[in-house]
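Asks: I have a structure here, written as structure tokens, and I will follow up with some questions on it.
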Amino acid sequence: NRTLCCNCDINGHVCVRRRTQWLHGPSPVTTFGPKACMLQNPQAIMHIQDPASQRLTWNKPPQSVLVIKKIRDPSLLQPFKELCTFLTEVKNMLVYVEKKVLEDPSISADENFAAITKKFCTFREDLDDISNRVDFIICLGGDGTLLYASSLFQESVPPVIAFHLGSLGFLTPFKFDTYQSQLTQIIQGNAAIVLRSRLQVRVTKGSGEKNNGLILTNGEVEGTRRTEDYQVRSRLRVLNEVVVDRGPSSYLSNVDLFLDGHLITTVQGDGVIVSTPTGSTAYAVAAGASMIHPNVPAIMITPICPHSLSFRPIVVPAGVQLKIMLSCDARHTAWVSFGRKRQEICHGDSISITTSCFPVPSICFRDPVNDWFESLAQCLHWNVRKRQHYLSSEEDDF
């Protein structure tokens with residue numbers, strides 16, 4: 001496994017650095033955006049910190065913030081305007097928003113809000129790079145807004161604070177009622193964070209055909225094979241997993257699964273889900289997988305309706321290299337989904353998946369452990385049942 005760095009030697013040759021392999025996965029980058037980083041714990045062992053000790057700190061005071069609002073949701077207009085006014089007028093921060101957010105008639109036609117919008121910096125998805133301009137991110141909406149925020153940053157992601165103004169809210173622990181005090185604490189560097197790992201995906205097309213209609217990043221051509229890299233984020237909804245399925249075909253999917261170059265099994269069924277710990281509470285859990293805390297360094301492999309009674313979901317170390325290919329005797333092609341992108345996989349194509357070293361630093365309401373169990377109870381109603389009555393001594397006799 002090799003990744004190219006940007007440095008060259010005096011002869012102009014490209015330097016190559018080898019990625020260190022650990023069973024618990026690559027040591028995640030702990031600098032988030034241009035100014036944020038994680039406060040290091042000197043007692044950390046094997047690059048794994050006690051979740052309760054993961055704290056946010058700033059190298060310099062934050063000055064810019066990206067505000068992401070759920071599009072076409074009129075209930076978010078007032079919170080959005082109130083938040084942006086607070087950030088610009090009270091905190092004197094530079095606010096970034098998407099250009100399409102300001103195109104909403106309810107915002108563009110508001111003359112009272114016009115003075116605030118003139119101070120905004122706008123950008124367009126997939127066209128403008130803001131990776132080194134934003135100090136932290138504020139999400140207004142449901143889990144999808146946090147997932148979308150992650151998709152905007154291919155490498156280092158600024159810290160994300162998500163306010164629960166949507167439906168499910170598994171990844172959005174903050175209530176908007178107390179946003180001023182919560183943001184003040186975060187700007188001061190007083191917050192716990194959880195590092196949500198992401199998946200790095202490489203699709204190699206064996207035929208060398210172009211992938212029409214799919215937005216690619218870091219594409220490179222190797223001989224007659226075309227390789228496309230994607231950064232799949234540890235978020236729920238879409239980008240928390242890679243899904244290989246049979247698509248519109250009526251045949252079973254028939255794909256080979258390799259781990260570190262060794263064939264471990266052939267998946268025959270509707271498909272297979274490769275998910276992060278964060279994604280374990282999404283599609284994977286609906287397919288029968290266990291739920292894994294985001295701090296656990298792991299990758300989960302979950303079959304979708306396998307044609308085998310013994311094929312159960314498994315958890316593998318985060319540092320392994322997975323590869324998925326169509327079996328030589330597959331009757332039809334397969335389809336792979338990563339986020340909003342989807343493409344067909346033919347014979348000779350391969351999908352390589354491993355853990356990215358660029359996690360999503362999600363700011364916690366309390367701490368990573370309490371927040372997770374609170375979400376399990378409130379959003380998924382984990383282990384909710386009517387309590388059994390106490391058995392008195394008289395009843396015990398019967």
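Here, A, B, ... name the chains of the structure tokens in the order displayed, residue numbers run from 1 inside each chain, and ligands are numbered from 1 in the same displayed order.
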Just want the 9 Å neighbourhood of A:Lys100, counted on only C-alpha atoms, with same-chain residues fewer than 2 positions away dropped. Output as number ranges by chain.
Replies: A: 71, 97-98, 102-104, 122-124
Asks: Could you dump the residues just selected with C-alpha atoms as an mmCIF file, in the first residue's frame?
Replies:
data_model
loop_
_atom_site.group_PDB
_atom_site.id
_atom_site.type_symbol
_atom_site.label_atom_id
_atom_site.label_comp_id
_atom_site.auth_asym_id
_atom_site.auth_seq_id
_atom_site.Cartn_x
_atom_site.Cartn_y
_atom_site.Cartn_z
ATOM 1 C CA ILE A 71 -32.529 23.042 1.861
ATOM 2 C CA VAL A 97 -22.825 29.503 3.270
ATOM 3 C CA GLU A 98 -23.671 27.715 0.062
ATOM 4 C CA LEU A 102 -29.083 32.395 -0.349
ATOM 5 C CA GLU A 103 -31.103 31.789 -3.521
ATOM 6 C CA ASP A 104 -34.062 30.799 -1.369
ATOM 7 C CA THR A 122 -20.531 31.976 -0.613
ATOM 8 C CA PHE A 123 -19.322 28.830 -2.383
ATOM 9 C CA ARG A 124 -20.634 26.183 -4.754
#
Asks: Would you tabulate, counting only C-alpha atoms, all residues of stretch 256-331 of chain A that have an atom at most 12 Å from an atom of stretch 140-145 of chain A, showing the closest pair of atoms and their distance in Å to one decimal, sorted by chain then ascending number, as a tab-separated table?
Replies:
residue	atom	partner	partner_atom	distance
A:Thr278	CA	A:Asp143	CA	11.6
A:Gly279	CA	A:Asp143	CA	11.8
A:Ala282	CA	A:Asp143	CA	11.0
Asks: Keeping all heavy atoms for every residue in the selection just given, could you write it to a file as a PDB file, in the first residue's frame?
Replies:
ATOM      1  N   THR A 278     -19.805   4.140  12.659  1.00  0.00           N
ATOM      2  CA  THR A 278     -20.941   5.056  12.608  1.00  0.00           C
ATOM      3  C   THR A 278     -22.037   4.508  11.704  1.00  0.00           C
ATOM      4  O   THR A 278     -23.229   4.593  12.013  1.00  0.00           O
ATOM      5  CB  THR A 278     -20.490   6.442  12.117  1.00  0.00           C
ATOM      6  OG1 THR A 278     -19.552   6.989  13.039  1.00  0.00           O
ATOM      7  CG2 THR A 278     -21.668   7.390  11.984  1.00  0.00           C
ATOM      8  N   GLY A 279     -21.669   3.916  10.579  1.00  0.00           N
ATOM      9  CA  GLY A 279     -22.644   3.347   9.667  1.00  0.00           C
ATOM     10  C   GLY A 279     -23.282   2.067  10.161  1.00  0.00           C
ATOM     11  O   GLY A 279     -24.256   1.597   9.573  1.00  0.00           O
ATOM     12  N   ALA A 282     -26.976   2.239  10.717  1.00  0.00           N
ATOM     13  CA  ALA A 282     -27.810   2.646   9.587  1.00  0.00           C
ATOM     14  C   ALA A 282     -28.270   1.416   8.806  1.00  0.00           C
ATOM     15  O   ALA A 282     -28.952   0.555   9.344  1.00  0.00           O
ATOM     16  CB  ALA A 282     -27.029   3.620   8.706  1.00  0.00           C
TER      17      ALA A 282
END
Asks: Would you work out the distance separating atom CA of A:Gln54 from atom CA of A:Ala191, expressed in Å to one decimal?
Replies: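 Spanning atom CA of A:Gln54 to atom CA of A:Ala191 is a straight-line distance of 8.8 Å.
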Asks: Could you go through stretch 95-177 of chain A and tell me which residues DSSP, when run on the backbone, assigns to strand (DSSP E), listing them as a PyMOL selection string?
Replies: chain A and resi 95-98+121-123+136-141+160-164
Asks: Selected residues, all heavy atoms, written as a CSV table (one decimal), in the first residue's frame, please.
Replies:
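out_37.csv written:
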chain,number,residue,atom,x,y,z
A,95,VAL,N,-18.7,34.2,8.0
A,95,VAL,CA,-19.7,33.1,7.8
A,95,VAL,C,-19.7,32.6,6.4
A,95,VAL,O,-19.8,33.5,5.5
A,95,VAL,CB,-21.1,33.5,8.3
A,95,VAL,CG1,-22.1,32.3,8.0
A,95,VAL,CG2,-21.1,33.8,9.8
A,96,TYR,N,-19.5,31.3,6.2
A,96,TYR,CA,-19.6,30.7,4.8
A,96,TYR,C,-20.9,30.0,4.7
A,96,TYR,O,-21.3,29.3,5.6
A,96,TYR,CB,-18.4,29.7,4.6
A,96,TYR,CG,-17.1,30.4,4.3
A,96,TYR,CD1,-16.3,30.8,5.3
A,96,TYR,CD2,-16.6,30.5,3.0
A,96,TYR,CE1,-15.0,31.4,5.1
A,96,TYR,CE2,-15.4,31.1,2.7
A,96,TYR,CZ,-14.6,31.5,3.8
A,96,TYR,OH,-13.4,32.1,3.5
A,97,VAL,N,-21.6,30.2,3.6
A,97,VAL,CA,-22.8,29.5,3.3
A,97,VAL,C,-22.8,29.1,1.8
A,97,VAL,O,-22.1,29.8,1.0
A,97,VAL,CB,-24.1,30.3,3.6
A,97,VAL,CG1,-24.2,30.6,5.1
A,97,VAL,CG2,-24.1,31.6,2.8
A,98,GLU,N,-23.6,28.1,1.5
A,98,GLU,CA,-23.7,27.7,0.1
A,98,GLU,C,-24.5,28.8,-0.7
A,98,GLU,O,-25.4,29.3,-0.2
A,98,GLU,CB,-24.3,26.3,-0.1
A,98,GLU,CG,-23.4,25.2,0.0
A,98,GLU,CD,-24.0,23.9,-0.4
A,98,GLU,OE1,-24.8,23.3,0.3
A,98,GLU,OE2,-23.7,23.5,-1.6
A,121,CYS,N,-19.6,34.8,2.9
A,121,CYS,CA,-18.8,34.3,1.8
A,121,CYS,C,-19.6,33.1,1.3
A,121,CYS,O,-20.0,32.2,2.1
A,121,CYS,CB,-17.4,33.9,2.3
A,121,CYS,SG,-16.4,35.3,2.8
A,122,THR,N,-19.8,33.1,0.0
A,122,THR,CA,-20.5,32.0,-0.6
A,122,THR,C,-19.6,31.0,-1.4
A,122,THR,O,-18.5,31.4,-1.8
A,122,THR,CB,-21.6,32.5,-1.5
A,122,THR,OG1,-21.0,33.3,-2.6
A,122,THR,CG2,-22.6,33.4,-0.8
A,123,PHE,N,-20.1,29.8,-1.6
A,123,PHE,CA,-19.3,28.8,-2.4
A,123,PHE,C,-20.3,27.9,-3.1
A,123,PHE,O,-21.5,27.9,-2.7
A,123,PHE,CB,-18.4,28.0,-1.5
A,123,PHE,CG,-19.1,27.1,-0.6
A,123,PHE,CD1,-19.2,25.7,-0.9
A,123,PHE,CD2,-19.6,27.5,0.6
A,123,PHE,CE1,-19.8,24.8,-0.1
A,123,PHE,CE2,-20.2,26.6,1.5
A,123,PHE,CZ,-20.4,25.3,1.2
A,136,PHE,N,-14.6,25.9,11.7
A,136,PHE,CA,-15.5,24.8,12.2
A,136,PHE,C,-16.8,24.9,11.4
A,136,PHE,O,-17.1,25.9,10.7
A,136,PHE,CB,-15.7,24.9,13.7
A,136,PHE,CG,-16.4,26.0,14.2
A,136,PHE,CD1,-17.8,25.9,14.6
A,136,PHE,CD2,-15.8,27.3,14.4
A,136,PHE,CE1,-18.5,27.0,15.1
A,136,PHE,CE2,-16.5,28.4,14.9
A,136,PHE,CZ,-17.9,28.2,15.2
A,137,ILE,N,-17.7,23.9,11.6
A,137,ILE,CA,-18.9,23.8,10.8
A,137,ILE,C,-20.1,23.7,11.8
A,137,ILE,O,-20.0,23.0,12.8
A,137,ILE,CB,-18.9,22.5,9.9
A,137,ILE,CG1,-17.6,22.5,9.0
A,137,ILE,CG2,-20.1,22.4,9.1
A,137,ILE,CD1,-17.4,21.2,8.3
A,138,ILE,N,-21.2,24.3,11.4
A,138,ILE,CA,-22.4,24.3,12.1
A,138,ILE,C,-23.5,23.7,11.2
A,138,ILE,O,-23.7,24.2,10.1
A,138,ILE,CB,-22.9,25.6,12.7
A,138,ILE,CG1,-21.8,26.2,13.6
A,138,ILE,CG2,-24.2,25.5,13.4
A,138,ILE,CD1,-22.2,27.6,14.1
A,139,CYS,N,-24.2,22.6,11.6
A,139,CYS,CA,-25.2,22.0,10.8
A,139,CYS,C,-26.6,22.3,11.5
A,139,CYS,O,-26.8,22.1,12.7
A,139,CYS,CB,-25.0,20.5,10.7
A,139,CYS,SG,-23.5,20.1,9.8
A,140,LEU,N,-27.5,22.7,10.7
A,140,LEU,CA,-28.9,22.9,11.1
A,140,LEU,C,-29.8,21.9,10.3
A,140,LEU,O,-29.9,22.1,9.1
A,140,LEU,CB,-29.3,24.3,10.9
A,140,LEU,CG,-28.5,25.4,11.5
A,140,LEU,CD1,-29.1,26.8,11.2
A,140,LEU,CD2,-28.5,25.3,13.0
A,141,GLY,N,-30.4,21.0,11.0
A,141,GLY,CA,-31.2,20.0,10.3
A,141,GLY,C,-31.1,18.6,10.9
A,141,GLY,O,-31.0,18.5,12.2
A,160,VAL,N,-17.3,19.6,13.7
A,160,VAL,CA,-18.7,19.8,13.3
A,160,VAL,C,-19.5,19.8,14.5
A,160,VAL,O,-19.5,18.8,15.3
A,160,VAL,CB,-19.1,18.7,12.3
A,160,VAL,CG1,-20.6,18.9,11.9
A,160,VAL,CG2,-18.2,18.6,11.1
A,161,ILE,N,-20.4,20.8,14.7
A,161,ILE,CA,-21.4,20.8,15.7
A,161,ILE,C,-22.8,20.8,15.0
A,161,ILE,O,-23.0,21.6,14.1
A,161,ILE,CB,-21.3,22.0,16.7
A,161,ILE,CG1,-22.5,22.0,17.7
A,161,ILE,CG2,-21.2,23.3,15.9
A,161,ILE,CD1,-22.3,23.1,18.7
A,162,ALA,N,-23.6,19.8,15.4
A,162,ALA,CA,-24.8,19.5,14.7
A,162,ALA,C,-26.0,19.8,15.6
A,162,ALA,O,-26.1,19.1,16.7
A,162,ALA,CB,-24.9,18.1,14.1
A,163,PHE,N,-26.9,20.7,15.2
A,163,PHE,CA,-28.1,21.0,16.0
A,163,PHE,C,-29.3,20.2,15.5
A,163,PHE,O,-29.5,20.1,14.3
A,163,PHE,CB,-28.4,22.5,16.0
A,163,PHE,CG,-27.4,23.3,16.7
A,163,PHE,CD1,-26.4,23.9,16.1
A,163,PHE,CD2,-27.6,23.5,18.1
A,163,PHE,CE1,-25.5,24.7,16.8
A,163,PHE,CE2,-26.7,24.2,18.9
A,163,PHE,CZ,-25.6,24.9,18.2
A,164,HIS,N,-30.0,19.6,16.4
A,164,HIS,CA,-31.1,18.7,16.0
A,164,HIS,C,-32.3,19.5,15.6
A,164,HIS,O,-33.1,20.0,16.5
A,164,HIS,CB,-31.4,17.8,17.2
A,164,HIS,CG,-32.6,16.9,16.9
A,164,HIS,ND1,-32.9,16.4,15.7
A,164,HIS,CD2,-33.5,16.3,17.8
A,164,HIS,CE1,-33.9,15.6,15.8
A,164,HIS,NE2,-34.3,15.5,17.0
Asks: Check stretch 181-394 of chain A with DSSP on the backbone and list each residue it calls helix (DSSP H, G or I), as a PyMOL selection string.
Replies: chain A and resi 181-187+278-281+283-286+368-379+393-394
Asks: Write the residues you've just listed into a file as a compact mmCIF listing (two decimals), in the first residue's frame, and include N, CA and C atoms for each of them.
Replies:
# COMPACT_ATOMS: atom_id res chain seq x y z
N SER A 181 -24.87 29.65 24.20
CA SER A 181 -23.93 29.18 25.22
C SER A 181 -23.09 28.02 24.70
N GLN A 182 -23.68 27.13 23.89
CA GLN A 182 -22.94 26.00 23.35
C GLN A 182 -21.84 26.47 22.40
N LEU A 183 -22.15 27.42 21.52
CA LEU A 183 -21.15 27.92 20.59
C LEU A 183 -20.06 28.70 21.30
N THR A 184 -20.42 29.43 22.34
CA THR A 184 -19.42 30.17 23.11
C THR A 184 -18.40 29.22 23.73
N GLN A 185 -18.88 28.11 24.28
CA GLN A 185 -17.97 27.12 24.86
C GLN A 185 -17.07 26.51 23.80
N ILE A 186 -17.63 26.22 22.64
CA ILE A 186 -16.83 25.60 21.58
C ILE A 186 -15.78 26.57 21.06
N ILE A 187 -16.13 27.83 20.88
CA ILE A 187 -15.16 28.82 20.41
C ILE A 187 -14.04 28.99 21.42
N THR A 278 -19.81 4.14 12.66
CA THR A 278 -20.94 5.06 12.61
C THR A 278 -22.04 4.51 11.70
N GLY A 279 -21.67 3.92 10.58
CA GLY A 279 -22.64 3.35 9.67
C GLY A 279 -23.28 2.07 10.16
N SER A 280 -22.75 1.50 11.25
CA SER A 280 -23.32 0.26 11.76
C SER A 280 -24.73 0.45 12.28
N THR A 281 -25.12 1.68 12.61
CA THR A 281 -26.48 1.94 13.09
C THR A 281 -27.41 2.40 11.98
N TYR A 283 -27.86 1.32 7.55
CA TYR A 283 -28.29 0.20 6.69
C TYR A 283 -27.86 -1.14 7.29
N ALA A 284 -26.66 -1.18 7.88
CA ALA A 284 -26.13 -2.43 8.40
C ALA A 284 -27.01 -3.02 9.49
N VAL A 285 -27.43 -2.18 10.45
CA VAL A 285 -28.26 -2.71 11.53
C VAL A 285 -29.62 -3.17 11.02
N ALA A 286 -30.11 -2.52 9.97
CA ALA A 286 -31.37 -2.96 9.37
C ALA A 286 -31.21 -4.31 8.69
N PRO A 368 -18.35 11.14 24.14
CA PRO A 368 -18.69 10.15 23.11
C PRO A 368 -19.52 8.97 23.60
N VAL A 369 -19.29 8.52 24.83
CA VAL A 369 -20.00 7.34 25.33
C VAL A 369 -21.44 7.69 25.68
N ASN A 370 -21.64 8.72 26.50
CA ASN A 370 -22.99 9.10 26.91
C ASN A 370 -23.85 9.54 25.73
N ASP A 371 -23.26 10.29 24.80
CA ASP A 371 -24.02 10.74 23.64
C ASP A 371 -24.52 9.56 22.81
N TRP A 372 -23.66 8.54 22.65
CA TRP A 372 -24.03 7.40 21.81
C TRP A 372 -25.18 6.61 22.43
N PHE A 373 -25.08 6.32 23.71
CA PHE A 373 -26.16 5.57 24.36
C PHE A 373 -27.44 6.39 24.45
N GLU A 374 -27.30 7.70 24.57
CA GLU A 374 -28.49 8.56 24.57
C GLU A 374 -29.18 8.49 23.21
N SER A 375 -28.40 8.47 22.12
CA SER A 375 -28.98 8.36 20.78
C SER A 375 -29.63 7.01 20.57
N LEU A 376 -29.00 5.94 21.08
CA LEU A 376 -29.60 4.60 20.96
C LEU A 376 -30.97 4.56 21.64
N ALA A 377 -31.04 5.18 22.81
CA ALA A 377 -32.29 5.13 23.58
C ALA A 377 -33.36 6.04 22.97
N GLN A 378 -32.98 7.26 22.61
CA GLN A 378 -33.96 8.24 22.16
C GLN A 378 -34.37 8.04 20.71
N CYS A 379 -33.43 7.67 19.85
CA CYS A 379 -33.72 7.59 18.41
C CYS A 379 -34.10 6.19 17.96
N SER A 393 -43.33 -12.41 47.74
CA SER A 393 -43.08 -13.72 48.33
C SER A 393 -44.32 -14.61 48.24
N GLU A 394 -45.52 -14.02 48.34
CA GLU A 394 -46.72 -14.82 48.24
C GLU A 394 -46.88 -15.38 46.82
Asks: When you draw a straight line from atom CA of A:Ser167 to atom CA of A:Asn295, how long is it in Å?
Replies: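 Those two atoms sit 24.6 Å apart.
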Asks: Got a sec: who's within 10 Å of stretch 77-93 of chain A, counting only C-alpha atoms, leaving out chain neighbours fewer than 4 positions off, as a PyMOL selection string?
Replies: chain A and resi 62-65+67-73+97+104+106-107+113+115-117+119-120+138-140+165+176-177+179-180+183-184+187
Asks: What does the distance from atom CA of A:Ser362 to atom CA of A:Lys118 come to in Å, to one decimal?
Replies: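 According to the coordinates, atom CA of A:Ser362 and atom CA of A:Lys118 are separated by 29.3 Å.
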Asks: Report as JSON, numbers by chain all protein, DNA and RNA residues lying within 6 Å of A:Val255, evaluated on only C-alpha atoms, omitting residues in the same chain fewer than 5 positions from it.
Replies: {"A": [266, 267, 325, 326, 327]}
Asks: Hey, what's within 6 Å of A:Cys364 if we count only C-alpha atoms and toss same-chain stuff fewer than 3 positions away? As a ChimeraX atom specification, please?
Replies: /A:192-193,367
Asks: From the options A:Ile264, A:Met38, A:Ile353, A:Ile299, which residue's atoms come nearest to A:Pro158, counting only C-alpha atoms?
Replies: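 Nearest candidate to A:Pro158 out of A:Ile264, A:Met38, A:Ile353, A:Ile299: A:Met38.
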Asks: Of the candidates A:Gln321, A:Ser250, A:Gly169, A:Leu66, which one gets nearest to A:Arg133 if we count only C-alpha atoms?
Replies: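 Of A:Gln321, A:Ser250, A:Gly169, A:Leu66, the one nearest A:Arg133, counting only C-alpha atoms, is A:Leu66.
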Asks: So which residues touch A:Ser352 within 8 Å, counting only C-alpha atoms, skipping near sequence neighbours fewer than 3 positions away, as a list in words?
Replies: Val201, Arg202, Val203, Gln321, Leu322, Lys323 and Ile324 of chain A
Asks: So which one's closest to A:Gly189, A:Pro294, A:Gly247, A:Gly269, A:Pro61? Using only C-alpha atoms, please.
Replies: A:Pro61
